[in-house]
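Coordinates from coords-v5.txt are shown below (compact mmCIF, C-alpha atoms and all ligand atoms).
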```
# COMPACT_ATOMS: atom_id res chain seq x y z
CA MET A 1 29.67 -25.36 64.98
CA ARG A 2 32.43 -22.78 64.55
CA MET A 3 33.58 -20.26 67.13
CA TYR A 4 34.00 -17.74 64.29
CA ASP A 5 30.22 -17.82 63.63
CA ILE A 6 29.36 -17.48 67.34
CA ILE A 7 31.53 -14.36 67.57
CA ALA A 8 29.92 -12.94 64.41
CA HIS A 9 26.41 -13.60 65.79
CA LYS A 10 27.12 -11.75 68.98
CA ARG A 11 28.95 -8.95 67.16
CA ASP A 12 25.86 -8.44 64.99
CA GLY A 13 23.50 -8.30 67.99
CA TRP A 14 21.90 -11.74 67.75
CA GLU A 15 20.88 -13.74 70.79
CA LEU A 16 23.19 -16.74 71.24
CA THR A 17 21.47 -20.13 71.42
CA GLN A 18 21.94 -22.53 74.30
CA SER A 19 24.06 -24.83 72.13
CA GLU A 20 26.28 -21.95 71.00
CA ILE A 21 26.83 -20.94 74.62
CA GLU A 22 27.56 -24.52 75.66
CA PHE A 23 29.96 -24.99 72.74
CA PHE A 24 31.85 -21.85 73.78
CA THR A 25 31.93 -22.71 77.49
CA GLU A 26 33.08 -26.30 76.88
CA GLY A 27 35.75 -25.13 74.45
CA CYS A 28 37.02 -22.64 77.00
CA THR A 29 37.24 -25.26 79.71
CA ASN A 30 39.02 -27.90 77.66
CA GLY A 31 41.27 -25.44 75.84
CA THR A 32 40.06 -26.09 72.28
CA ILE A 33 39.08 -22.45 71.77
CA PRO A 34 42.07 -20.11 71.53
CA ASP A 35 42.22 -17.14 73.92
CA TYR A 36 41.94 -14.62 71.06
CA GLN A 37 38.54 -16.01 70.07
CA THR A 38 37.31 -16.13 73.68
CA ALA A 39 38.47 -12.54 74.14
CA ALA A 40 36.70 -11.44 70.95
CA LEU A 41 33.42 -12.99 72.12
CA LEU A 42 33.79 -11.43 75.57
CA MET A 43 34.22 -7.99 74.01
CA ALA A 44 31.15 -8.56 71.80
CA ILE A 45 29.18 -9.50 74.95
CA TYR A 46 30.58 -6.47 76.76
CA LEU A 47 29.42 -4.17 73.96
CA ASN A 48 26.07 -5.79 73.11
CA GLY A 49 25.01 -7.26 76.46
CA MET A 50 23.08 -10.49 76.92
CA SER A 51 19.38 -11.32 77.22
CA ASP A 52 18.09 -12.94 80.44
CA ASN A 53 17.96 -16.23 78.56
CA GLU A 54 21.57 -15.99 77.45
CA ILE A 55 22.71 -15.03 80.96
CA LEU A 56 20.92 -18.03 82.42
CA ASN A 57 22.32 -20.46 79.84
CA PHE A 58 25.82 -19.03 80.30
CA THR A 59 25.56 -19.30 84.11
CA PHE A 60 24.39 -22.91 83.95
CA ALA A 61 27.06 -23.83 81.39
CA MET A 62 29.81 -22.37 83.60
CA ARG A 63 28.37 -24.05 86.71
CA ASP A 64 28.37 -27.38 84.87
CA SER A 65 31.94 -26.94 83.60
CA GLY A 66 33.24 -28.36 86.90
CA PHE A 67 32.35 -29.87 90.21
CA THR A 68 28.98 -29.25 91.87
CA ALA A 69 28.90 -29.81 95.61
CA ASP A 70 26.57 -32.52 96.88
CA LEU A 71 25.12 -31.17 100.12
CA SER A 72 22.39 -33.81 100.37
CA GLY A 73 24.15 -35.29 103.43
CA ILE A 74 23.51 -32.09 105.40
CA LYS A 75 20.37 -32.16 107.52
CA GLY A 76 18.18 -29.12 106.90
CA PRO A 77 18.20 -26.41 104.25
CA THR A 78 21.66 -25.01 103.58
CA VAL A 79 22.35 -21.31 103.20
CA ASP A 80 25.20 -19.39 101.60
CA LYS A 81 26.08 -15.70 101.69
CA HIS A 82 28.11 -13.89 99.08
CA SER A 83 29.55 -10.39 99.10
CA THR A 84 30.51 -8.76 95.82
CA GLY A 85 33.63 -7.54 97.61
CA GLY A 86 34.64 -4.57 99.63
CA VAL A 87 37.24 -2.97 101.86
CA GLY A 88 37.19 -4.01 105.51
CA ASP A 89 34.32 -6.37 104.77
CA LYS A 90 34.62 -8.92 107.55
CA THR A 91 30.89 -9.64 107.76
CA THR A 92 31.27 -13.33 106.80
CA MET A 93 33.23 -14.03 109.99
CA ILE A 94 30.39 -12.45 111.99
CA VAL A 95 27.33 -13.51 110.02
CA VAL A 96 28.19 -17.20 109.61
CA PRO A 97 28.50 -17.96 113.35
CA ILE A 98 25.43 -15.90 114.25
CA ALA A 99 23.40 -17.69 111.58
CA ALA A 100 24.67 -21.09 112.77
CA ALA A 101 23.93 -20.13 116.39
CA ILE A 102 20.27 -19.58 115.51
CA GLY A 103 19.94 -22.87 113.68
CA CYS A 104 20.97 -22.23 110.07
CA LYS A 105 23.20 -24.69 108.21
CA VAL A 106 25.80 -22.49 106.55
CA VAL A 107 28.15 -23.68 103.83
CA LYS A 108 30.42 -20.75 103.10
CA MET A 109 33.00 -21.08 100.39
CA SER A 110 35.05 -17.94 99.84
CA GLY A 111 37.82 -16.71 97.61
CA ARG A 112 41.14 -15.15 98.49
CA GLY A 113 41.69 -11.42 98.33
CA LEU A 114 43.07 -9.75 95.24
CA GLY A 115 43.68 -6.05 94.63
CA HIS A 116 41.99 -3.60 96.97
CA THR A 117 39.53 -6.10 98.50
CA GLY A 118 40.39 -8.73 101.09
CA GLY A 119 39.30 -12.36 101.11
CA THR A 120 37.64 -14.15 104.01
CA VAL A 121 39.95 -17.15 103.76
CA ASP A 122 43.03 -14.93 104.14
CA LYS A 123 41.49 -13.26 107.17
CA LEU A 124 40.60 -16.56 108.85
CA GLU A 125 44.08 -17.92 108.18
CA SER A 126 45.39 -15.22 110.56
CA ILE A 127 44.17 -17.56 113.30
CA PRO A 128 47.02 -20.02 113.93
CA GLY A 129 46.17 -23.53 112.78
CA PHE A 130 43.02 -22.58 110.85
CA GLN A 131 42.46 -24.91 107.89
CA SER A 132 40.52 -23.48 104.97
CA GLU A 133 40.72 -26.64 102.86
CA LEU A 134 38.39 -29.50 103.65
CA THR A 135 37.39 -32.57 101.70
CA HIS A 136 33.78 -32.81 100.68
CA LYS A 137 33.16 -35.51 103.30
CA GLU A 138 34.74 -33.40 106.04
CA LEU A 139 32.62 -30.40 105.02
CA VAL A 140 29.36 -32.34 105.32
CA LYS A 141 30.41 -33.81 108.68
CA LEU A 142 31.44 -30.40 110.01
CA VAL A 143 28.24 -28.63 109.01
CA ASN A 144 26.13 -31.39 110.56
CA LYS A 145 28.20 -31.15 113.76
CA VAL A 146 28.67 -27.41 114.31
CA GLY A 147 26.23 -25.85 111.83
CA ALA A 148 28.71 -24.13 109.54
CA CYS A 149 32.00 -24.20 107.72
CA MET A 150 34.08 -21.42 106.18
CA ILE A 151 36.39 -22.77 103.53
CA GLY A 152 38.15 -21.78 100.30
CA HIS A 153 36.69 -22.43 96.86
CA SER A 154 37.87 -25.68 95.41
CA GLU A 155 39.78 -25.31 92.13
CA ASP A 156 37.19 -27.53 90.45
CA ILE A 157 34.32 -25.09 91.00
CA ALA A 158 33.28 -23.50 87.66
CA PRO A 159 36.66 -23.81 85.86
CA ALA A 160 35.18 -22.12 82.77
CA ASP A 161 34.58 -19.00 84.86
CA LYS A 162 38.17 -19.04 86.08
CA LYS A 163 39.50 -19.20 82.52
CA ILE A 164 37.09 -16.51 81.33
CA TYR A 165 37.67 -14.25 84.34
CA ASP A 166 41.44 -14.31 83.82
CA LEU A 167 40.91 -13.19 80.22
CA ARG A 168 38.36 -10.53 81.21
CA ASP A 169 40.93 -9.15 83.62
CA VAL A 170 43.38 -8.41 80.80
CA THR A 171 40.89 -7.43 78.06
CA ALA A 172 38.95 -4.65 79.86
CA THR A 173 35.79 -6.75 80.02
CA VAL A 174 35.36 -7.14 83.78
CA GLU A 175 32.79 -4.35 84.18
CA SER A 176 29.95 -6.02 82.31
CA LEU A 177 26.72 -6.76 84.16
CA PRO A 178 25.88 -10.05 82.35
CA LEU A 179 29.46 -11.28 82.73
CA ILE A 180 29.64 -10.37 86.44
CA ALA A 181 26.20 -11.81 87.25
CA SER A 182 26.86 -15.10 85.45
CA SER A 183 30.38 -15.38 86.88
CA ILE A 184 29.29 -14.95 90.50
CA MET A 185 26.16 -17.05 90.20
CA SER A 186 27.86 -19.95 88.38
CA LYS A 187 30.09 -20.39 91.44
CA LYS A 188 27.25 -19.90 93.92
CA LEU A 189 25.14 -22.50 92.12
CA ALA A 190 28.07 -24.95 92.00
CA CYS A 191 28.45 -24.51 95.78
CA ALA A 192 24.88 -25.82 95.83
CA SER A 193 23.26 -24.31 98.93
CA ASP A 194 19.46 -24.20 98.95
CA CYS A 195 19.35 -20.50 99.85
CA ILE A 196 21.64 -17.70 98.68
CA LEU A 197 21.91 -14.26 100.24
CA LEU A 198 23.81 -11.74 98.12
CA ASP A 199 25.43 -8.68 99.68
CA VAL A 200 25.78 -6.43 96.64
CA LYS A 201 27.99 -3.46 97.36
CA PHE A 202 28.03 -0.06 95.70
CA GLY A 203 30.30 2.93 96.13
CA SER A 204 33.94 3.91 95.77
CA GLY A 205 35.26 0.62 97.21
CA ALA A 206 32.94 -1.63 95.21
CA LEU A 207 32.90 -3.10 91.72
CA MET A 208 29.68 -1.16 91.05
CA LYS A 209 30.22 2.50 91.91
CA ASP A 210 26.66 3.56 91.30
CA PRO A 211 23.72 2.26 93.43
CA GLY A 212 21.52 2.01 90.31
CA ASP A 213 24.06 -0.29 88.61
CA ALA A 214 24.37 -2.34 91.79
CA MET A 215 20.58 -2.64 91.87
CA SER A 216 20.52 -3.95 88.26
CA LEU A 217 23.28 -6.45 89.07
CA ALA A 218 21.48 -7.61 92.22
CA SER A 219 18.17 -8.03 90.37
CA GLU A 220 19.86 -10.10 87.67
CA MET A 221 21.58 -12.34 90.21
CA VAL A 222 18.38 -12.84 92.21
CA LYS A 223 16.60 -13.76 88.97
CA ILE A 224 19.30 -16.34 88.15
CA GLY A 225 19.18 -17.85 91.65
CA LYS A 226 15.41 -18.20 91.56
CA SER A 227 15.47 -19.67 88.05
CA ALA A 228 17.86 -22.30 89.38
CA GLY A 229 15.35 -23.20 92.10
CA LYS A 230 17.24 -21.48 94.94
CA LYS A 231 15.68 -19.14 97.48
CA THR A 232 17.62 -15.99 96.70
CA ALA A 233 17.63 -12.40 97.95
CA ALA A 234 20.02 -9.47 97.78
CA VAL A 235 20.85 -6.69 100.22
CA LEU A 236 22.40 -3.59 98.64
CA THR A 237 24.97 -2.08 100.99
CA ASN A 238 27.12 1.03 100.99
CA MET A 239 30.84 0.62 100.28
CA ASP A 240 31.56 4.36 100.03
CA VAL A 241 33.24 4.00 103.39
CA PRO A 242 35.26 1.04 104.74
CA LEU A 243 33.12 -1.34 106.77
CA GLY A 244 34.04 -1.04 110.44
CA ASN A 245 37.37 0.44 111.49
CA ALA A 246 39.87 -2.29 110.62
CA VAL A 247 41.33 -3.11 107.20
CA GLY A 248 43.80 -6.01 107.05
CA ASN A 249 43.61 -9.64 108.02
CA THR A 250 44.43 -10.03 111.74
CA LEU A 251 43.05 -6.58 112.50
CA GLU A 252 39.74 -7.59 110.91
CA VAL A 253 39.56 -10.87 112.84
CA ILE A 254 40.02 -8.90 116.07
CA GLU A 255 37.26 -6.49 115.07
CA ALA A 256 34.94 -9.37 114.14
CA VAL A 257 35.55 -10.97 117.55
CA LYS A 258 34.60 -7.70 119.28
CA VAL A 259 31.32 -7.60 117.37
CA LEU A 260 30.58 -11.26 118.11
CA LYS A 261 31.28 -10.69 121.81
CA GLY A 262 28.78 -7.81 121.77
CA GLU A 263 31.53 -5.31 122.61
CA SER A 264 31.20 -3.23 119.46
CA LYS A 265 27.99 -1.81 118.02
CA GLY A 266 27.67 0.45 115.00
CA PRO A 267 27.45 0.02 111.22
CA LEU A 268 29.37 -3.28 111.15
CA TYR A 269 27.10 -4.79 113.80
CA ASP A 270 23.97 -3.38 112.11
CA ILE A 271 24.86 -4.73 108.69
CA SER A 272 25.84 -8.13 110.14
CA ILE A 273 22.51 -8.46 111.95
CA GLU A 274 20.60 -7.48 108.82
CA LEU A 275 22.47 -9.98 106.64
CA THR A 276 22.04 -12.77 109.19
CA ALA A 277 18.35 -12.03 109.54
CA HIS A 278 17.87 -12.30 105.78
CA MET A 279 19.80 -15.59 105.67
CA ALA A 280 17.69 -17.05 108.47
CA HIS A 281 14.51 -15.72 106.87
CA LEU A 282 15.37 -17.45 103.58
CA ALA A 283 16.29 -20.71 105.30
CA SER A 284 13.56 -20.92 107.94
CA GLY A 285 10.69 -18.88 106.54
CA LEU A 286 10.32 -17.17 109.94
CA PRO A 287 9.32 -13.49 109.76
CA LEU A 288 12.27 -11.18 109.15
CA ALA A 289 11.68 -9.25 112.39
CA GLU A 290 11.84 -12.50 114.37
CA CYS A 291 15.08 -13.47 112.60
CA ARG A 292 16.54 -10.06 113.45
CA ARG A 293 15.56 -10.48 117.10
CA LEU A 294 17.09 -13.98 117.26
CA SER A 295 20.33 -12.73 115.66
CA GLU A 296 20.67 -9.88 118.17
CA GLU A 297 19.90 -12.24 121.03
CA ALA A 298 22.63 -14.67 119.87
CA VAL A 299 25.20 -11.88 120.16
CA GLU A 300 23.85 -10.66 123.51
CA ASN A 301 23.72 -14.09 125.17
CA GLY A 302 27.16 -15.20 123.92
CA THR A 303 26.01 -18.09 121.71
CA ALA A 304 27.28 -16.38 118.52
CA PHE A 305 30.82 -16.04 119.88
CA LYS A 306 30.70 -19.58 121.27
CA LYS A 307 29.64 -20.81 117.83
CA PHE A 308 32.52 -18.93 116.17
CA LYS A 309 34.95 -20.69 118.50
CA GLN A 310 33.34 -24.08 117.73
CA ILE A 311 33.70 -23.51 113.98
CA VAL A 312 37.29 -22.29 114.27
CA LYS A 313 38.21 -25.22 116.54
CA ALA A 314 36.55 -27.72 114.20
CA GLN A 315 38.70 -26.28 111.39
CA GLY A 316 41.90 -26.62 113.41
CA GLY A 317 42.23 -23.02 114.61
CA ASN A 318 43.60 -22.09 118.03
CA THR A 319 40.66 -20.50 119.86
CA ALA A 320 42.87 -19.12 122.64
CA TYR A 321 43.56 -16.26 120.19
CA LEU A 322 39.84 -15.49 120.06
CA ASP A 323 39.46 -15.49 123.84
CA ASP A 324 42.49 -13.25 124.15
CA THR A 325 43.15 -11.31 120.97
CA SER A 326 46.32 -9.77 122.47
CA LEU A 327 47.97 -13.12 121.58
CA PHE A 328 47.86 -12.27 117.85
CA GLU A 329 51.21 -11.28 116.43
CA ARG A 330 51.19 -7.54 115.68
CA ALA A 331 53.09 -5.61 113.04
CA ARG A 332 56.50 -4.26 114.07
CA TYR A 333 55.90 -0.69 112.90
CA ARG A 334 53.04 1.78 113.10
CA CYS A 335 52.51 5.18 111.54
CA ASP A 336 49.76 7.67 112.37
CA VAL A 337 48.13 9.60 109.54
CA ARG A 338 46.93 13.03 110.62
CA ALA A 339 44.29 15.41 109.28
CA LYS A 340 45.69 17.95 106.84
CA GLN A 341 43.08 20.61 107.47
CA ILE A 342 40.08 21.64 109.54
CA GLY A 343 36.63 20.49 108.45
CA TYR A 344 34.45 17.46 107.90
CA ILE A 345 35.67 14.35 106.18
CA ALA A 346 33.39 14.59 103.17
CA PHE A 347 34.50 11.48 101.28
CA MET A 348 36.83 8.51 101.68
CA ASP A 349 37.84 6.87 98.44
CA THR A 350 37.48 3.37 99.76
CA HIS A 351 39.24 1.78 96.80
CA LEU A 352 42.33 3.86 97.61
CA ILE A 353 42.16 2.83 101.26
CA GLY A 354 42.19 -0.78 100.08
CA ASP A 355 45.18 0.06 97.87
CA ALA A 356 46.99 1.65 100.84
CA SER A 357 46.39 -1.50 102.87
CA MET A 358 47.76 -3.60 99.99
CA LYS A 359 50.91 -1.45 99.94
CA LEU A 360 51.41 -2.20 103.63
CA GLY A 361 51.52 -5.91 102.73
CA ALA A 362 47.95 -6.80 103.76
CA GLY A 363 46.76 -7.62 100.23
CA ARG A 364 47.92 -9.07 96.94
CA GLU A 365 48.70 -7.10 93.81
CA VAL A 366 48.98 -10.36 91.85
CA LYS A 367 47.68 -13.80 92.81
CA GLU A 368 51.16 -15.14 93.63
CA ASP A 369 51.90 -12.44 96.28
CA GLU A 370 52.29 -13.54 99.90
CA ILE A 371 50.22 -11.55 102.34
CA ASP A 372 51.29 -10.24 105.72
CA HIS A 373 48.49 -11.04 108.17
CA ALA A 374 49.56 -8.43 110.72
CA ALA A 375 49.64 -5.49 108.30
CA GLY A 376 46.73 -3.10 107.78
CA ILE A 377 44.96 0.03 108.90
CA ILE A 378 42.85 1.12 111.86
CA ILE A 379 40.64 4.01 110.87
CA HIS A 380 39.83 6.44 113.69
CA LYS A 381 37.88 9.08 111.75
CA LYS A 382 35.40 8.38 108.98
CA THR A 383 33.15 10.20 106.54
CA GLY A 384 31.03 12.76 108.39
CA ASP A 385 33.52 13.23 111.26
CA TYR A 386 34.82 16.70 112.09
CA VAL A 387 38.60 16.96 112.35
CA GLU A 388 41.24 19.56 113.14
CA PRO A 389 44.72 19.71 111.64
CA GLY A 390 47.06 17.18 113.24
CA GLN A 391 44.27 14.97 114.59
CA ILE A 392 44.92 11.27 113.96
CA ILE A 393 42.66 9.90 111.22
CA ALA A 394 44.18 6.45 110.94
CA THR A 395 47.04 4.27 112.11
CA LEU A 396 48.89 2.18 109.52
CA TYR A 397 50.64 -1.06 110.49
CA ALA A 398 53.45 -2.83 108.60
CA ASN A 399 56.37 -5.17 109.21
CA ASP A 400 58.61 -3.11 106.92
CA ASP A 401 58.67 0.61 107.69
CA HIS A 402 59.64 1.42 104.07
CA TYR A 403 56.06 0.50 103.10
CA PHE A 404 54.73 3.67 104.77
CA HIS A 405 56.50 5.71 102.11
CA ASP A 406 54.06 4.48 99.44
CA ALA A 407 51.01 3.75 101.60
CA VAL A 408 50.68 7.09 103.45
CA PRO A 409 50.29 9.26 100.30
CA VAL A 410 47.73 6.81 98.92
CA PHE A 411 45.77 6.97 102.17
CA ASN A 412 45.93 10.79 102.21
CA GLN A 413 44.76 10.91 98.61
CA ALA A 414 41.66 8.95 99.68
CA ILE A 415 40.47 11.65 102.10
CA ARG A 416 38.50 14.71 101.00
CA TYR A 417 37.55 17.51 103.37
CA SER A 418 34.67 19.97 103.30
CA ASP A 419 33.43 22.93 105.36
CA MET A 420 30.01 21.33 105.50
CA ASN A 421 28.89 17.89 106.50
CA ILE A 422 27.58 16.13 103.39
CA ASP A 423 24.71 13.64 103.49
CA GLN A 424 25.69 10.02 102.91
CA LEU A 425 23.64 7.27 101.34
CA PRO A 426 22.29 4.77 103.89
CA LEU A 427 24.36 1.75 104.87
CA ILE A 428 21.57 -0.61 103.83
CA TYR A 429 20.18 0.88 100.67
CA HIS A 430 17.71 -1.63 99.32
CA ILE A 431 16.54 -5.24 99.55
CA ILE A 432 15.69 -7.31 96.49
CA LYS A 433 13.64 -10.47 97.03
N1 LIG B 501 33.53 -11.50 91.19
C1 LIG B 501 33.36 -12.59 90.40
O1 LIG B 501 33.40 -13.73 90.88
N2 LIG B 501 33.16 -12.41 89.09
C2 LIG B 501 33.10 -11.20 88.52
O2 LIG B 501 32.90 -11.10 87.33
C3 LIG B 501 33.28 -10.07 89.33
C4 LIG B 501 33.49 -10.25 90.67
```
Now, as a test, write the supplied structure out as structure tokens.
Amino acid sequence: MRMYDIIAHKRDGWELTQSEIEFFTEGCTNGTIPDYQTAALLMAIYLNGMSDNEILNFTFAMRDSGFTADLSGIKGPTVDKHSTGGVGDKTTMIVVPIAAAIGCKVVKMSGRGLGHTGGTVDKLESIPGFQSELTHKELVKLVNKVGACMIGHSEDIAPADKKIYDLRDVTATVESLPLIASSIMSKKLACASDCILLDVKFGSGALMKDPGDAMSLASEMVKIGKSAGKKTAAVLTNMDVPLGNAVGNTLEVIEAVKVLKGESKGPLYDISIELTAHMAHLASGLPLAECRRLSEEAVENGTAFKKFKQIVKAQGGNTAYLDDTSLFERARYRCDVRAKQIGYIAFMDTHLIGDASMKLGAGREVKEDEIDHAAGIIIHKKTGDYVEPGQIIATLYANDDHYFHDAVPVFNQAIRYSDMNIDQLPLIYHIIK
């Protein structure tokens, strides 16, 4: 088989065979296919798409390019939750303990943040002592003991995807539905949980701007999950506005703690309950309404927060910081951003808000960047709120006050005002089962 012929097939609109896809994926992983040929095939896929069959074969080939977790030592069905990425998305830190508190076995492997979106592992590492790397044996032991773990992806998970994703990033081929669906699902399948709940985001802060595109992506991923024998569902959620009020690692942990303690209700709480209910429904088969009720009860009666502390403690984190969040180290400098005019906030470009947070030091522009856990943004006014000139919309936090120079204009650019309040799409837009 020659890579040249595989590229030509795809260029000419043919469906690639399973052996062609496996040849390509293996060659990518072991380095026998040069980057220029991989890039050419990726562009042909970007332009011509892939059939369901090709997507499935590609997903399985990438999953099998590396290590697949063996979760057979965990008692009970395991459940995983994946978000396609957003700004201020701290739901994992809320959903995982609630789900574990109501009896789910949650194996959550997350990535680190890059660009405008944050990563769960970075957020959790704001808690002093928290260890996001566990051996496979430790993971199994931990989940059996406390019901959940929240760790980083091992390097050996789907190495073909890593190689391909790095090339997609520099060849303008990221925004391709078959490539995104197969990339995400290859890693989810390698993580090997029995049930997978996908939180597929749409809007200005998401990979998919348009809800219709997000719906197509979600349907494709659910199809892949089911074909692999996993119970899979997707919740489509709105990322046209940052989730909650905090953006940035420590600030998001503090906000998550408030929700888990039952001290903060609103969209973040609502979305967390909905996601947890769907995870529990997949894992237990109990009616969704019952799973929702159990999730709410776990927050109300304190078991969700207690479970969060158990998980954090089991992973080496200092839980005193969760009992008393004033212990967290705060940024040295703060800067209020004020409304420029009278009117309603009609739109917040959530991607730009993520960029502003990155400029404060809370995120990474490139993988090698160090992040500042204390940096970030607290948003006081959001889309739909009425403001008057000079009113504080947000407070920015940084450890270097020069960072405000770049971050404030980016934040201001994200805000659009209007004389009229404009309808927003619902927070939870659609469910795909
Ligand atoms: N996240 C992934 O893991 N892969 C993609 O292609 C896009 C987002």
Neighbourhood query: residues within 10 Å of (30.5, -25.2, 71.9), file coordinates, counting all atoms listed in the file; return as a tab-separated table (two decimals) with C-alpha atoms, in the frame of the given file.
```tsv
chain	number	residue	atom	x	y	z
A	1	MET	CA	29.67	-25.36	64.98
A	2	ARG	CA	32.43	-22.78	64.55
A	3	MET	CA	33.58	-20.26	67.13
A	6	ILE	CA	29.36	-17.48	67.34
A	18	GLN	CA	21.94	-22.53	74.30
A	19	SER	CA	24.06	-24.83	72.13
A	20	GLU	CA	26.28	-21.95	71.00
A	21	ILE	CA	26.83	-20.94	74.62
A	22	GLU	CA	27.56	-24.52	75.66
A	23	PHE	CA	29.96	-24.99	72.74
A	24	PHE	CA	31.85	-21.85	73.78
A	25	THR	CA	31.93	-22.71	77.49
A	26	GLU	CA	33.08	-26.30	76.88
A	27	GLY	CA	35.75	-25.13	74.45
A	28	CYS	CA	37.02	-22.64	77.00
A	32	THR	CA	40.06	-26.09	72.28
A	33	ILE	CA	39.08	-22.45	71.77
```
- Task: May I ask which of the residues A:Glu175, A:Glu138, A:Asp406, A:Asp194 is the closest one to ligand LIG 501 (chain B), counting all atoms listed in the file?
- Result: A:Glu175
- Query: Within 6 Å of ligand LIG 501 (chain B), counting all atoms listed in the file, which protein or nucleic acid residues do you find, written as a list in words?
  - Reply: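 Protein and nucleic-acid residues within 6 Å of ligand LIG 501 (chain B): Val174, Leu179, Ile180, Ser183 and Ile184 of chain A.
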- Can you pull out every residue within 12 Å of range 207-209 of chain A, counting all atoms listed in the file, but drop anything in the same chain fewer than 5 positions away, and send it as a PyMOL selection string? chain A and resi 83-87+115-117+174-177+180-181+200-202+214-218+236-241+349-351
Output C-alpha atoms for every residue in the selection just made, as a tab-separated table (two decimals), in the coordinates of the input.
```tsv
chain	number	residue	atom	x	y	z
A	83	SER	CA	29.55	-10.39	99.10
A	84	THR	CA	30.51	-8.76	95.82
A	85	GLY	CA	33.63	-7.54	97.61
A	86	GLY	CA	34.64	-4.57	99.63
A	87	VAL	CA	37.24	-2.97	101.86
A	115	GLY	CA	43.68	-6.05	94.63
A	116	HIS	CA	41.99	-3.60	96.97
A	117	THR	CA	39.53	-6.10	98.50
A	174	VAL	CA	35.36	-7.14	83.78
A	175	GLU	CA	32.79	-4.35	84.18
A	176	SER	CA	29.95	-6.02	82.31
A	177	LEU	CA	26.72	-6.76	84.16
A	180	ILE	CA	29.64	-10.37	86.44
A	181	ALA	CA	26.20	-11.81	87.25
A	200	VAL	CA	25.78	-6.43	96.64
A	201	LYS	CA	27.99	-3.46	97.36
A	202	PHE	CA	28.03	-0.06	95.70
A	214	ALA	CA	24.37	-2.34	91.79
A	215	MET	CA	20.58	-2.64	91.87
A	216	SER	CA	20.52	-3.95	88.26
A	217	LEU	CA	23.28	-6.45	89.07
A	218	ALA	CA	21.48	-7.61	92.22
A	236	LEU	CA	22.40	-3.59	98.64
A	237	THR	CA	24.97	-2.08	100.99
A	238	ASN	CA	27.12	1.03	100.99
A	239	MET	CA	30.84	0.62	100.28
A	240	ASP	CA	31.56	4.36	100.03
A	241	VAL	CA	33.24	4.00	103.39
A	349	ASP	CA	37.84	6.87	98.44
A	350	THR	CA	37.48	3.37	99.76
A	351	HIS	CA	39.24	1.78	96.80
```
- Query: When you draw a straight line from CA of Lys123 in chain A to CA of Thr250 in chain A, how long is it in Å?
  - Reply: 6.3 Å
